[in-house]
Every structure is written in structure tokens, then in C-alpha cells.
file upload_18.pdb (PDB, C-alpha atoms (C1' of nucleotides))
ATOM      1  CA  MET L   1      97.508  33.276  56.710
ATOM      2  CA  ARG L   2      94.566  33.058  59.047
ATOM      3  CA  ILE L   3      96.165  34.680  62.075
ATOM      4  CA  ALA L   4      97.269  37.734  60.101
ATOM      5  CA  ARG L   5      93.802  38.146  58.662
ATOM      6  CA  LEU L   6      92.207  37.937  62.111
ATOM      7  CA  VAL L   7      94.561  40.338  63.873
ATOM      8  CA  ASN L   8      94.570  42.816  60.995
ATOM      9  CA  ALA L   9      90.776  42.964  61.011
ATOM     10  CA  TRP L  10      90.749  43.317  64.786
ATOM     11  CA  PHE L  11      93.379  46.071  64.644
ATOM     12  CA  ALA L  12      91.370  48.108  62.142
ATOM     13  CA  LEU L  13      88.502  48.132  64.632
ATOM     14  CA  GLU L  14      90.230  48.219  68.010
ATOM     15  CA  GLY L  15      93.717  49.653  67.506
ATOM     16  CA  ARG L  16      94.325  52.752  69.613
ATOM     17  CA  ASP L  17      94.612  56.168  68.064
ATOM     18  CA  LEU L  18      98.219  57.002  68.937
ATOM     19  CA  PRO L  19     100.406  59.865  67.655
ATOM     20  CA  TRP L  20     102.794  57.606  65.752
ATOM     21  CA  ARG L  21      99.882  56.078  63.852
ATOM     22  CA  ARG L  22      98.681  59.394  62.475
ATOM     23  CA  PRO L  23      99.092  59.823  58.725
ATOM     24  CA  GLY L  24     102.102  61.983  57.941
ATOM     25  CA  PHE L  25     103.990  61.142  61.115
ATOM     26  CA  THR L  26     107.681  61.461  60.235
ATOM     27  CA  ALA L  27     110.377  58.794  60.310
ATOM     28  CA  TRP L  28     112.197  60.930  62.865
ATOM     29  CA  GLY L  29     109.043  60.944  64.990
ATOM     30  CA  THR L  30     108.846  57.176  64.695
ATOM     31  CA  LEU L  31     112.457  56.807  65.782
ATOM     32  CA  VAL L  32     111.984  59.099  68.772
ATOM     33  CA  SER L  33     108.772  57.346  69.789
ATOM     34  CA  GLU L  34     110.302  53.885  69.556
ATOM     35  CA  ILE L  35     113.222  54.835  71.750
ATOM     36  CA  MET L  36     110.929  56.492  74.281
ATOM     37  CA  LEU L  37     108.754  53.368  74.310
ATOM     38  CA  GLN L  38     111.640  51.072  75.257
ATOM     39  CA  GLN L  39     110.541  49.724  78.649
ATOM     40  CA  THR L  40     108.244  52.696  79.142
ATOM     41  CA  PRO L  41     104.411  52.657  79.026
ATOM     42  CA  VAL L  42     102.567  54.456  76.224
ATOM     43  CA  ALA L  43     100.692  56.761  78.581
ATOM     44  CA  ARG L  44     103.917  58.234  79.919
ATOM     45  CA  VAL L  45     105.509  58.588  76.487
ATOM     46  CA  VAL L  46     102.811  60.494  74.597
ATOM     47  CA  PRO L  47     103.124  63.928  76.260
ATOM     48  CA  ARG L  48     106.949  63.843  76.274
ATOM     49  CA  LEU L  49     107.022  62.788  72.640
ATOM     50  CA  GLU L  50     104.804  65.636  71.503
ATOM     51  CA  ALA L  51     106.838  68.236  73.385
ATOM     52  CA  TRP L  52     110.060  66.729  72.031
ATOM     53  CA  LEU L  53     108.978  66.816  68.386
ATOM     54  CA  GLU L  54     107.675  70.341  68.697
ATOM     55  CA  ARG L  55     111.038  71.480  69.991
ATOM     56  CA  TRP L  56     113.173  69.273  67.753
ATOM     57  CA  PRO L  57     111.268  68.454  64.558
ATOM     58  CA  THR L  58     114.346  67.032  62.823
ATOM     59  CA  PRO L  59     117.514  65.161  63.806
ATOM     60  CA  ALA L  60     119.608  68.236  62.967
ATOM     61  CA  ALA L  61     117.533  70.391  65.305
ATOM     62  CA  LEU L  62     118.311  68.078  68.197
ATOM     63  CA  ALA L  63     121.952  67.721  67.178
ATOM     64  CA  SER L  64     122.379  71.496  67.280
ATOM     65  CA  GLU L  65     121.905  71.550  71.051
ATOM     66  CA  PRO L  66     124.076  70.054  73.789
ATOM     67  CA  PRO L  67     123.300  66.452  74.780
ATOM     68  CA  GLY L  68     122.362  67.665  78.255
ATOM     69  CA  GLU L  69     119.343  69.417  76.809
ATOM     70  CA  ALA L  70     118.118  66.067  75.499
ATOM     71  CA  VAL L  71     118.632  64.538  78.938
ATOM     72  CA  ARG L  72     116.752  67.414  80.554
ATOM     73  CA  ALA L  73     113.837  67.168  78.118
ATOM     74  CA  TRP L  74     113.730  63.426  78.698
ATOM     75  CA  ASP L  75     112.480  64.380  82.125
ATOM     76  CA  ARG L  76     111.321  61.360  84.130
ATOM     77  CA  LEU L  77     110.871  58.854  81.333
ATOM     78  CA  GLY L  78     113.585  56.745  82.923
ATOM     79  CA  TYR L  79     116.795  55.197  81.569
ATOM     80  CA  PRO L  80     118.216  58.627  80.632
ATOM     81  CA  ARG L  81     121.046  56.987  78.716
ATOM     82  CA  ARG L  82     118.389  56.626  76.014
ATOM     83  CA  ALA L  83     118.253  60.413  75.702
ATOM     84  CA  LEU L  84     122.006  60.554  75.332
ATOM     85  CA  ALA L  85     121.959  57.808  72.719
ATOM     86  CA  LEU L  86     119.151  59.527  70.840
ATOM     87  CA  HIS L  87     121.145  62.747  70.731
ATOM     88  CA  ALA L  88     124.157  60.838  69.440
ATOM     89  CA  ALA L  89     122.013  59.074  66.847
ATOM     90  CA  ALA L  90     120.556  62.414  65.731
ATOM     91  CA  THR L  91     124.074  63.791  65.343
ATOM     92  CA  GLN L  92     125.103  60.857  63.170
ATOM     93  CA  ILE L  93     121.935  61.115  61.094
ATOM     94  CA  ALA L  94     122.503  64.830  60.556
ATOM     95  CA  GLU L  95     126.167  64.442  59.691
ATOM     96  CA  ARG L  96     126.320  61.147  57.824
ATOM     97  CA  HIS L  97     122.805  60.530  56.499
ATOM     98  CA  GLY L  98     121.829  63.958  55.205
ATOM     99  CA  ASN L  99     119.439  64.523  58.102
ATOM    100  CA  VAL L 100     117.288  61.622  56.898
ATOM    101  CA  VAL L 101     116.588  58.673  59.209
ATOM    102  CA  PRO L 102     118.062  55.583  57.506
ATOM    103  CA  GLU L 103     115.628  52.970  56.270
ATOM    104  CA  ASP L 104     117.842  49.899  56.148
ATOM    105  CA  VAL L 105     117.850  47.687  59.229
ATOM    106  CA  ASP L 106     121.638  47.431  59.168
ATOM    107  CA  ALA L 107     122.132  51.187  58.958
ATOM    108  CA  LEU L 108     119.671  51.666  61.812
ATOM    109  CA  LEU L 109     121.399  49.002  63.917
ATOM    110  CA  ALA L 110     124.636  50.925  63.548
ATOM    111  CA  LEU L 111     123.144  53.902  65.399
ATOM    112  CA  PRO L 112     123.540  54.177  69.177
ATOM    113  CA  GLY L 113     120.586  53.045  71.287
ATOM    114  CA  ILE L 114     119.001  51.148  68.399
ATOM    115  CA  GLY L 115     118.859  47.385  68.699
ATOM    116  CA  ASP L 116     117.011  44.534  67.035
ATOM    117  CA  TYR L 117     113.555  45.710  67.981
ATOM    118  CA  THR L 118     113.892  49.428  67.254
ATOM    119  CA  ALA L 119     115.752  48.990  63.965
ATOM    120  CA  ARG L 120     112.984  46.795  62.555
ATOM    121  CA  ALA L 121     110.222  48.932  64.037
ATOM    122  CA  VAL L 122     111.552  52.012  62.221
ATOM    123  CA  ALA L 123     112.165  50.167  58.940
ATOM    124  CA  VAL L 124     108.656  48.730  59.036
ATOM    125  CA  PHE L 125     106.488  51.433  60.586
ATOM    126  CA  ALA L 126     108.219  54.491  59.121
ATOM    127  CA  TYR L 127     109.213  53.082  55.750
ATOM    128  CA  GLY L 128     106.918  50.139  55.095
ATOM    129  CA  HIS L 129     109.629  47.547  54.615
ATOM    130  CA  ARG L 130     108.713  43.947  55.194
ATOM    131  CA  HIS L 131     110.417  42.550  58.290
ATOM    132  CA  PRO L 132     109.237  40.799  61.431
ATOM    133  CA  VAL L 133     109.091  43.154  64.430
ATOM    134  CA  VAL L 134     109.385  41.390  67.755
ATOM    135  CA  ASP L 135     108.905  42.983  71.134
ATOM    136  CA  THR L 136     107.787  41.597  74.476
ATOM    137  CA  ASN L 137     104.117  41.741  73.414
ATOM    138  CA  VAL L 138     104.716  39.797  70.234
ATOM    139  CA  ARG L 139     106.710  37.173  72.107
ATOM    140  CA  ARG L 140     103.888  36.684  74.588
ATOM    141  CA  VAL L 141     101.189  36.386  71.912
ATOM    142  CA  ILE L 142     103.249  33.822  70.000
ATOM    143  CA  ALA L 143     104.015  31.867  73.163
ATOM    144  CA  ARG L 144     100.342  31.637  74.053
ATOM    145  CA  ALA L 145      98.465  31.422  70.780
ATOM    146  CA  LEU L 146     100.948  29.214  68.922
ATOM    147  CA  LEU L 147     103.013  27.395  71.524
ATOM    148  CA  GLY L 148     100.403  26.959  74.236
ATOM    149  CA  ARG L 149     102.575  28.466  76.951
ATOM    150  CA  GLY L 150     101.522  31.108  79.428
ATOM    151  CA  GLU L 151     104.754  33.096  79.180
ATOM    152  CA  ALA L 152     107.369  33.632  76.520
ATOM    153  CA  GLY L 153     110.412  32.794  78.608
ATOM    154  CA  PRO L 154     113.881  34.112  77.793
ATOM    155  CA  PRO L 155     114.179  35.795  74.379
ATOM    156  CA  SER L 156     116.023  34.281  71.446
ATOM    157  CA  THR L 157     116.339  36.801  68.646
ATOM    158  CA  ARG L 158     116.756  34.299  65.850
ATOM    159  CA  ARG L 159     113.903  32.046  66.956
ATOM    160  CA  ASP L 160     111.573  34.927  67.809
ATOM    161  CA  LEU L 161     112.115  36.651  64.469
ATOM    162  CA  ALA L 162     111.542  33.391  62.607
ATOM    163  CA  ALA L 163     108.298  32.763  64.477
ATOM    164  CA  MET L 164     106.952  36.205  63.626
ATOM    165  CA  GLU L 165     108.192  35.986  60.038
ATOM    166  CA  ALA L 166     106.078  32.847  59.619
ATOM    167  CA  LEU L 167     102.954  34.846  60.463
ATOM    168  CA  LEU L 168     103.529  37.722  58.059
ATOM    169  CA  PRO L 169     101.586  38.150  54.812
ATOM    170  CA  ALA L 170     103.664  38.485  51.647
ATOM    171  CA  ASP L 171     102.471  42.008  50.970
ATOM    172  CA  PRO L 172     104.625  44.575  52.826
ATOM    173  CA  ALA L 173     101.710  46.891  53.624
ATOM    174  CA  GLU L 174      99.711  44.028  55.130
ATOM    175  CA  ALA L 175     102.755  42.697  56.942
ATOM    176  CA  ARG L 176     103.269  46.136  58.451
ATOM    177  CA  VAL L 177      99.737  46.075  59.846
ATOM    178  CA  THR L 178     100.223  42.541  61.164
ATOM    179  CA  ASN L 179     103.337  43.612  63.047
ATOM    180  CA  ALA L 180     101.462  46.503  64.633
ATOM    181  CA  ALA L 181      98.396  44.372  65.272
ATOM    182  CA  VAL L 182     100.146  41.528  67.097
ATOM    183  CA  MET L 183     102.011  44.055  69.208
ATOM    184  CA  GLU L 184      98.779  45.874  69.985
ATOM    185  CA  LEU L 185      97.025  42.627  70.833
ATOM    186  CA  GLY L 186      99.719  41.826  73.363
ATOM    187  CA  ALA L 187      99.536  45.342  74.776
ATOM    188  CA  ILE L 188      95.796  45.614  75.365
ATOM    189  CA  VAL L 189      94.263  42.103  75.204
ATOM    190  CA  CYS L 190      96.839  39.348  75.626
ATOM    191  CA  THR L 191      98.422  41.123  78.578
ATOM    192  CA  ALA L 192     100.916  39.607  80.973
ATOM    193  CA  ARG L 193      98.773  39.710  84.074
ATOM    194  CA  ALA L 194      95.087  39.516  83.166
ATOM    195  CA  PRO L 195      94.517  38.519  79.526
ATOM    196  CA  ARG L 196      91.103  39.450  78.163
ATOM    197  CA  CYS L 197      90.457  36.269  76.218
ATOM    198  CA  ASP L 198      86.754  37.096  75.987
ATOM    199  CA  VAL L 199      87.538  39.829  73.445
ATOM    200  CA  CYS L 200      90.541  38.193  71.768
ATOM    201  CA  PRO L 201      90.297  37.681  68.005
ATOM    202  CA  LEU L 202      92.540  34.616  68.345
ATOM    203  CA  ALA L 203      90.625  32.945  71.167
ATOM    204  CA  GLU L 204      89.209  30.201  68.947
ATOM    205  CA  LEU L 205      92.618  29.077  67.796
ATOM    206  CA  CYS L 206      94.703  29.895  70.889
ATOM    207  CA  ALA L 207      96.787  26.890  71.920
ATOM    208  CA  TRP L 208      97.154  28.091  75.497
ATOM    209  CA  ARG L 209      93.402  28.494  75.887
ATOM    210  CA  ALA L 210      92.706  25.153  74.202
ATOM    211  CA  ALA L 211      95.047  23.454  76.665
ATOM    212  CA  GLY L 212      93.198  24.940  79.627
ATOM    213  CA  TYR L 213      95.708  27.704  80.488
ATOM    214  CA  PRO L 214      98.458  25.469  81.866
ATOM    215  CA  ALA L 215     100.783  27.240  84.295
ATOM    216  CA  TYR L 216     104.094  28.257  82.799
ATOM    217  CA  ASP L 217     106.866  25.866  83.800
ATOM    218  CA  GLY L 218     109.707  26.839  81.472
ATOM    219  CA  PRO L 219     112.823  28.835  82.282
ATOM    220  CA  LYS L 220     112.010  31.948  84.232
ATOM    221  CA  ALA L 221     112.977  35.404  83.025
ATOM    222  CA  ALA L 222     115.434  37.141  85.343
ATOM    223  CA  VAL L 223     113.736  38.669  88.351
ATOM    224  CA  GLN L 224     113.898  42.434  88.499
ATOM    225  CA  LYS L 225     115.878  43.556  91.505
ATOM    226  CA  LYS L 226     114.395  45.762  94.144
ATOM    227  CA  PHE L 227     114.489  49.458  93.257
ATOM    228  CA  GLU L 228     114.171  50.942  96.740
ATOM    229  CA  GLY L 229     117.639  51.511  98.091
ATOM    230  CA  SER L 230     119.346  50.430  94.869
ATOM    231  CA  ASP L 231     122.160  52.181  93.024
ATOM    232  CA  ARG L 232     119.625  52.846  90.309
ATOM    233  CA  GLN L 233     117.525  54.842  92.722
ATOM    234  CA  VAL L 234     120.535  56.890  93.788
ATOM    235  CA  ARG L 235     121.477  57.577  90.164
ATOM    236  CA  GLY L 236     117.913  58.674  89.529
ATOM    237  CA  LEU L 237     117.940  61.082  92.453
ATOM    238  CA  ILE L 238     121.217  62.630  91.330
ATOM    239  CA  MET L 239     119.972  62.969  87.754
ATOM    240  CA  ALA L 240     116.846  64.722  89.019
ATOM    241  CA  GLU L 241     119.107  67.290  90.725
ATOM    242  CA  LEU L 242     121.158  67.801  87.579
ATOM    243  CA  ARG L 243     118.057  68.226  85.418
ATOM    244  CA  ALA L 244     116.563  70.782  87.768
ATOM    245  CA  ALA L 245     119.718  72.894  88.082
ATOM    246  CA  ASP L 246     120.960  75.592  85.730
ATOM    247  CA  VAL L 247     124.230  76.010  87.603
ATOM    248  CA  PRO L 248     126.645  73.257  88.681
ATOM    249  CA  VAL L 249     125.370  70.997  91.449
ATOM    250  CA  THR L 250     127.948  70.955  94.229
ATOM    251  CA  ALA L 251     129.332  67.862  95.914
ATOM    252  CA  ALA L 252     127.726  69.096  99.122
ATOM    253  CA  GLU L 253     124.333  69.224  97.444
ATOM    254  CA  ILE L 254     124.769  65.716  96.135
ATOM    255  CA  GLU L 255     125.513  64.531  99.644
ATOM    256  CA  THR L 256     122.018  65.582 100.665
ATOM    257  CA  VAL L 257     120.275  63.283  98.199
ATOM    258  CA  TRP L 258     121.450  60.002  99.768
ATOM    259  CA  PRO L 259     122.999  59.154 103.122
ATOM    260  CA  ASP L 260     125.307  56.284 102.132
ATOM    261  CA  ALA L 261     128.609  57.774 100.927
ATOM    262  CA  ALA L 262     129.895  54.638  99.211
ATOM    263  CA  GLN L 263     126.687  54.192  97.282
ATOM    264  CA  ARG L 264     126.671  57.869  96.359
ATOM    265  CA  ALA L 265     130.205  57.611  95.041
ATOM    266  CA  ARG L 266     129.323  54.556  92.982
ATOM    267  CA  ALA L 267     126.378  56.409  91.481
ATOM    268  CA  VAL L 268     128.371  59.532  90.618
ATOM    269  CA  ASP L 269     131.202  57.491  89.112
ATOM    270  CA  GLY L 270     128.722  55.548  87.038
ATOM    271  CA  LEU L 271     127.005  58.681  85.776
ATOM    272  CA  LEU L 272     130.346  60.239  84.827
ATOM    273  CA  ARG L 273     131.405  57.044  83.084
ATOM    274  CA  ASP L 274     128.114  56.927  81.189
ATOM    275  CA  GLY L 275     128.475  60.549  80.148
ATOM    276  CA  LEU L 276     125.215  61.527  81.847
ATOM    277  CA  ALA L 277     127.092  63.907  84.129
ATOM    278  CA  VAL L 278     130.289  65.895  83.723
ATOM    279  CA  GLN L 279     132.573  67.327  86.359
ATOM    280  CA  VAL L 280     133.080  71.071  86.106
ATOM    281  CA  ASP L 281     134.509  73.775  88.279
ATOM    282  CA  GLY L 282     132.298  73.817  91.338
ATOM    283  CA  GLY L 283     130.472  70.541  90.859
ATOM    284  CA  TYR L 284     128.560  68.534  88.302
ATOM    285  CA  THR L 285     126.312  69.367  85.365
ATOM    286  CA  LEU L 286     124.554  67.693  82.499
ATOM    287  CA  PRO L 287     126.816  67.212  79.460
TER     288      PRO L 287
ATOM    289  C1'  DT Z   1     124.731  35.926  78.715
ATOM    290  C1'  DA Z   2     123.194  37.538  82.894
ATOM    291  C1'  DG Z   3     122.894  41.818  85.048
ATOM    292  C1'  DA Z   4     122.653  46.852  85.006
ATOM    293  C1'  DC Z   5     119.930  50.405  83.782
ATOM    294  C1'  DG Z   6     114.591  54.676  85.940
ATOM    295  C1'  DT Z   7     110.175  55.503  86.936
ATOM    296  C1'  DG Z   8     105.514  55.045  88.130
ATOM    297  C1'  DG Z   9     100.876  52.796  87.618
ATOM    298  C1'  DA Z  10      98.104  48.731  88.634
ATOM    299  C1'  DC Z  11      96.557  45.249  91.646
TER     300       DC Z  11
ATOM    301  C1'  DT R   1     102.459  47.776 101.206
ATOM    302  C1'  DG R   2     104.916  45.103  98.129
ATOM    303  C1'  DT R   3     105.283  42.898  93.802
ATOM    304  C1'  DC R   4     104.834  42.921  88.993
ATOM    305  C1'  DC R   5     105.758  44.831  84.813
ATOM    306  C1'  DA R   6     106.285  48.244  80.808
ATOM    307  C1'  DA R   7     107.128  48.857  72.199
ATOM    308  C1'  DG R   8     114.985  47.056  74.993
ATOM    309  C1'  DT R   9     119.946  47.982  74.699
ATOM    310  C1'  DC R  10     124.497  47.418  76.066
ATOM    311  C1'  DT R  11     128.370  45.084  78.021
TER     312       DT R  11
END

call {"tool": "encode", "arguments": {"input": "upload_18.pdb", "output": "C-alpha cells"}}
result
Amino acid sequence: MRIARLVNAWFALEGRDLPWRRPGFTAWGTLVSEIMLQQTPVARVVPRLEAWLERWPTPAALASEPPGEAVRAWDRLGYPRRALALHAAATQIAERHGNVVPEDVDALLALPGIGDYTARAVAVFAYGHRHPVVDTNVRRVIARALLGRGEAGPPSTRRDLAAMEALLPADPAEARVTNAAVMELGAIVCTARAPRCDVCPLAELCAWRAAGYPAYDGPKAAVQKKFEGSDRQVRGLIMAELRAADVPVTAAEIETVWPDAAQRARAVDGLLRDGLAVQVDGGYTLP
DNA sequence: TAGACGTGGAC
DNA sequence: TGTCCAAGTCT
């Protein structure tokens, strides 16, 4: 297929040199990187990933420590429930999969914190299986180049996977590169805000470009709510306290992080419910 | 299925 | 300064 040939050639020349693309990078490393990359930019992930893998080179190594250590090492990557899920996944891999990251999509999907994207990313990038891998970058490239729309609109797993599947070469090794290449194209050329069509390998065949870049008029993705003053911000502030402390954080100390008592209570309750904090004698700690 | 869920860089 | 958005998952 023409598109695969074009993006694969472009990727060989322009793809970034990233840790998870190094030869010999482990399946465990791929799994950790993919979870860190969920909704988090590459530049923030790289240093955390390298420190993480140095400390915990295998699932069993991570599983041997308390989940709170994973949350602490997660630092400020955001969405710390991912750290908790990764610890739980490592525990299951160590106990039920012989300390080997599973390679089947279904087995990967059964692990906590691993959904449609991550399961396929691990099966494809770590093990070379032939599946479509669809993330937000892929959806945008397909929307523009093939459908002539400026934005991808709301996701539909079945439709999105079918669209990417149609682009993949038959050979698994080539299909693997195509998955990485389309993702990379969306990440550094066909970007959401300011696409660099002048250097795009698909410019000549891009339906959006051919149509004169029509404004997107389809269903809008949900608008992200304001972070300042949100419960999410309060949770983040409390988690920062818990990460920094090596003794229980007292209720009085938590009161100092946010003035609104009701909002504070909601945040603490949520963190306890999520297992990101535990109540102990004298206050709260990481699990 | 829409909304919750962190954090910080870019414009 | 404020808005947008970043390799999603879970409920």
C-alpha cells in the first residue's frame, strides 16, 4: 500500500531516537513506557522511564516493593493511578505469567491499566505481532489524510482499528514500522495545532489538504474542564504531600494545602477510595 | 457513554 | 494570562 510505503520511508529518515526504539529494549520496558506515555508528553516521560527501569528492571522487582513506592517514583507524571495499576500489573505478571510480559492482546487487556491502545502497542512494538495500533495521533492522521477532516472527532474503537488495519502491510515487521510511523507522523508533523504540511510525506495525497483545509464541523470532543480550583488540583496537591513525606501526613497538614474543607474532604475520600492513600495512625500515607 | 482523572509546556 | 493539548483507561 502506498501510504505505508511513504510513511515507512519517512520514518526511517525522520523518526526520533527514543529509548523504547533502541535495539534490545525489553518488553517490560515497552509496557512501562506505554503506560507512562498515556496522556503524557514524551519529553516528560523519558527521564522518569530511565530511572524507573534502572530501579526495577523486571516486573518482579517492582512487585517486590510496596505500591506506594511506585506512586512515589511516578513523581509528577500525572494520573498517579497509572503507577498503582502498573504495580498491580507487575504483580500479576510476576505471579501468573512467570515474570514475562504477556504477548497476546487479550492477556494484556486483562491486566490493570492496559486498554485497547496499550495492549496492541505492547503486542506490536515489543513482540512484533501484526495488529493495528490506534492512538490520538493515528486517529488525526487518518481523519486528515484519508477522510479530509481537520480533526478526528470522538473515538470509535471498532471503526478506528479497521481504518488503521486497512493501511497495514501484510508483513508483520513492516506493519510494525507502519504503526510506529503513522503515530510519529501525527506526533511531530501532522500535529493538532500547527501541522507542518510542507514536510509531510503524505502531503500529495492528503484529502484534507486537497480540499483546502476545511474547518472541522463534526461532533466536538468533550472540552477539558478547568484545572485551576478543581478537585483534580486538590488531589494533586495532597498526593505531592504524601510523596514527599516519609512519615504519616496529618489531617492538620492536609488542611494547609487547600482552604475549602468540603473540597478537601472530597479529594481525600477519592484518594482513599482509589487506593492512592491509606489512613494510618496519625494521618495518611502512600499505600 | 460522558465525565473523572494530573501536570506542565506551547502559543 | 488563558486556552489547548499530550502514545488513554475506567466506570

call {"tool": "resolve_selection", "arguments": {"input": "upload_18.pdb", "expression": "the PyMOL selection byres ((chain R and resi 11) around 10)", "output": "JSON list (two decimals) with C-alpha atoms (C1' of nucleotides), in the frame of the given file"}}
result
[["chain", "number", "residue", "atom", "x", "y", "z"],
["Z", 1, "DT", "C1'", 124.73, 35.93, 78.72],
["Z", 3, "DG", "C1'", 122.89, 41.82, 85.05],
["Z", 4, "DA", "C1'", 122.65, 46.85, 85.01],
["R", 9, "DT", "C1'", 119.95, 47.98, 74.70],
["R", 10, "DC", "C1'", 124.50, 47.42, 76.07]]

call {"tool": "resolve_selection", "arguments": {"input": "upload_18.pdb", "expression": "the PyMOL selection byres ((chain Z) within 7 of (chain L))", "output": "VMD selection string"}}
result
chain Z and resid 5 to 7

call {"tool": "atom_distance", "arguments": {"input": "upload_18.pdb", "atom1": "CA of Ser33 in chain L", "atom2": "CA of Val45 in chain L"}}
result
7.6 Å

call {"tool": "residues_around", "arguments": {"input": "upload_18.pdb", "residues": "DC4 in chain R", "least_positions_apart": "2", "cutoff": "10 Å", "atoms": "only C-alpha atoms (C1' of nucleotides)", "output": "list in words"}}
result
Ala192, Arg193, Val223 and Gln224 of chain L; DA10 and DC11 of chain Z; DG2 and DA6 of chain R

call {"tool": "write_last_selection", "arguments": {"input": "upload_18.pdb", "atoms": "C-alpha atoms (C1' of nucleotides)", "output": "short mmCIF file (atom, residue, chain, number, x, y, z; two decimals), in the frame of the given file"}}
result
data_model
loop_
_atom_site.label_atom_id
_atom_site.label_comp_id
_atom_site.auth_asym_id
_atom_site.auth_seq_id
_atom_site.Cartn_x
_atom_site.Cartn_y
_atom_site.Cartn_z
CA ALA L 192 100.92 39.61 80.97
CA ARG L 193 98.77 39.71 84.07
CA VAL L 223 113.74 38.67 88.35
CA GLN L 224 113.90 42.43 88.50
"C1'" DA Z 10 98.10 48.73 88.63
"C1'" DC Z 11 96.56 45.25 91.65
"C1'" DG R 2 104.92 45.10 98.13
"C1'" DA R 6 106.28 48.24 80.81
#

call {"tool": "residues_around", "arguments": {"input": "upload_18.pdb", "residues": "Arg176 in chain L", "least_positions_apart": "6", "cutoff": "9 Å", "atoms": "all atoms listed in the file", "output": "number ranges by chain"}}
result
L: 124-125, 128-133, 168-169

call {"tool": "interface_residues", "arguments": {"input": "upload_18.pdb", "of": "chain L", "to": "chain R", "cutoff": "10 Å", "atoms": "all atoms listed in the file", "output": "ChimeraX atom specification"}}
result
/L:33-42,81-82,112-118,121,133-138,180,183-184,187,192-193,223-224,226

call {"tool": "atom_distance", "arguments": {"input": "upload_18.pdb", "atom1": "CA of Leu49 in chain L", "atom2": "CA of Arg120 in chain L"}}
result
19.8 Å

call {"tool": "atom_distance", "arguments": {"input": "upload_18.pdb", "atom1": "CA of Tyr127 in chain L", "atom2": "CA of Ser156 in chain L"}}
result
25.4 Å

call {"tool": "residues_around", "arguments": {"input": "upload_18.pdb", "residues": "Phe11 in chain L", "least_positions_apart": "6", "cutoff": "10 Å", "atoms": "all atoms listed in the file", "output": "list in words"}}
result
Arg5, Val177, Thr178, Ala180, Ala181, Val182, Met183, Glu184, Leu185 and Pro201 of chain L

call {"tool": "axis_aligned_box", "arguments": {"input": "upload_18.pdb", "around": "range 240-252 of chain L", "padding_each_side": "6 Å", "output": "JSON"}}
result
{"center_x": 122.9, "center_y": 70.4, "center_z": 92.3, "size_x": 24.8, "size_y": 23.3, "size_z": 25.7}

call {"tool": "closest_residue", "arguments": {"input": "upload_18.pdb", "among": "L:Thr191, L:Trp56, L:Val100, L:Val32", "to": "Ala85 in chain L", "atoms": "all atoms listed in the file"}}
result
L:Val32

call {"tool": "resolve_selection", "arguments": {"input": "upload_18.pdb", "expression": "the PyMOL selection byres ((chain L and resi 267) around 10)", "output": "list in words"}}
result
Ser230, Asp231, Arg232, Gln233, Val234, Arg235, Gly236, Leu237, Ile238, Met239, Ala261, Ala262, Gln263, Arg264, Ala265, Arg266, Val268, Asp269, Gly270, Leu271, Leu272 and Arg273 of chain L

call {"tool": "residues_near_point", "arguments": {"input": "upload_18.pdb", "point": "(130.5, 73.3, 88.5)", "cutoff": "10 Å", "atoms": "all atoms listed in the file", "output": "list of chain:residue names"}}
result
L:Val247, L:Pro248, L:Val249, L:Thr250, L:Ala251, L:Val278, L:Gln279, L:Val280, L:Asp281, L:Gly282, L:Gly283, L:Tyr284, L:Thr285

call {"tool": "decode", "arguments": {"input": "upload_18.pdb", "residues": "chain R", "atoms": "N, CA and C atoms (P, O5', C5', C4', C3', O3' and C1' of nucleotides)", "output": "short mmCIF file (atom, residue, chain, number, x, y, z; two decimals), in the first residue's frame"}}
result
data_model
loop_
_atom_site.label_atom_id
_atom_site.label_comp_id
_atom_site.auth_asym_id
_atom_site.auth_seq_id
_atom_site.Cartn_x
_atom_site.Cartn_y
_atom_site.Cartn_z
P DT R 1 0.90 36.44 33.49
"O5'" DT R 1 -0.65 36.14 33.24
"C5'" DT R 1 -1.64 37.04 33.65
"C4'" DT R 1 -2.91 36.71 32.91
"C3'" DT R 1 -3.54 35.40 33.36
"O3'" DT R 1 -4.96 35.52 33.26
"C1'" DT R 1 -2.92 35.22 31.08
P DG R 2 -5.91 34.33 33.74
"O5'" DG R 2 -6.30 33.62 32.36
"C5'" DG R 2 -6.98 34.36 31.35
"C4'" DG R 2 -7.22 33.48 30.14
"C3'" DG R 2 -7.87 32.13 30.48
"O3'" DG R 2 -8.76 31.80 29.42
"C1'" DG R 2 -5.76 31.75 29.48
P DT R 3 -9.75 30.60 29.55
"O5'" DT R 3 -9.39 29.73 28.27
"C5'" DT R 3 -9.18 30.40 27.03
"C4'" DT R 3 -8.42 29.47 26.11
"C3'" DT R 3 -8.95 28.03 26.13
"O3'" DT R 3 -9.21 27.64 24.79
"C1'" DT R 3 -6.60 28.05 26.42
P DC R 4 -9.84 26.23 24.46
"O5'" DC R 4 -8.58 25.44 23.93
"C5'" DC R 4 -7.74 26.05 22.94
"C4'" DC R 4 -6.55 25.14 22.69
"C3'" DC R 4 -6.92 23.65 22.61
"O3'" DC R 4 -6.28 23.10 21.47
"C1'" DC R 4 -5.20 24.00 24.21
P DC R 5 -6.75 21.68 20.90
"O5'" DC R 5 -5.64 20.72 21.48
"C5'" DC R 5 -4.26 21.03 21.25
"C4'" DC R 5 -3.42 20.17 22.13
"C3'" DC R 5 -3.96 18.74 22.29
"O3'" DC R 5 -2.88 17.84 22.24
"C1'" DC R 5 -3.50 19.63 24.36
P DA R 6 -2.82 16.73 21.05
"O5'" DA R 6 -1.68 15.78 21.61
"C5'" DA R 6 -0.41 16.33 21.94
"C4'" DA R 6 0.11 15.63 23.16
"C3'" DA R 6 -0.40 14.20 23.30
"O3'" DA R 6 0.65 13.29 22.94
"C1'" DA R 6 -0.49 15.40 25.38
P DA R 7 0.41 12.81 21.40
"O5'" DA R 7 -0.16 11.36 21.60
"C5'" DA R 7 0.79 10.32 21.57
"C4'" DA R 7 0.07 9.09 22.00
"C3'" DA R 7 -0.12 9.03 23.51
"O3'" DA R 7 -1.28 8.25 23.77
"C1'" DA R 7 1.34 7.33 22.80
P DG R 8 -2.63 8.98 24.00
"O5'" DG R 8 -3.15 8.02 25.16
"C5'" DG R 8 -3.82 6.82 24.78
"C4'" DG R 8 -3.96 6.01 26.04
"C3'" DG R 8 -4.98 4.89 25.90
"O3'" DG R 8 -4.53 3.80 26.68
"C1'" DG R 8 -5.76 6.53 27.46
P DT R 9 -5.44 2.48 26.80
"O5'" DT R 9 -6.16 2.75 28.20
"C5'" DT R 9 -5.35 2.94 29.36
"C4'" DT R 9 -6.22 2.91 30.60
"C3'" DT R 9 -7.28 1.81 30.60
"O3'" DT R 9 -7.21 1.16 31.86
"C1'" DT R 9 -8.30 3.92 30.97
P DC R 10 -8.22 -0.03 32.24
"O5'" DC R 10 -9.33 0.74 33.08
"C5'" DC R 10 -8.90 1.57 34.14
"C4'" DC R 10 -10.12 2.19 34.82
"C3'" DC R 10 -11.28 1.22 35.02
"O3'" DC R 10 -11.74 1.38 36.35
"C1'" DC R 10 -12.01 3.17 33.89
P DT R 11 -12.81 0.42 36.97
"O5'" DT R 11 -14.13 1.31 36.94
"C5'" DT R 11 -14.14 2.55 37.63
"C4'" DT R 11 -15.47 3.25 37.40
"C3'" DT R 11 -16.67 2.29 37.45
"O3'" DT R 11 -17.73 2.93 38.16
"C1'" DT R 11 -16.68 3.48 35.44
#
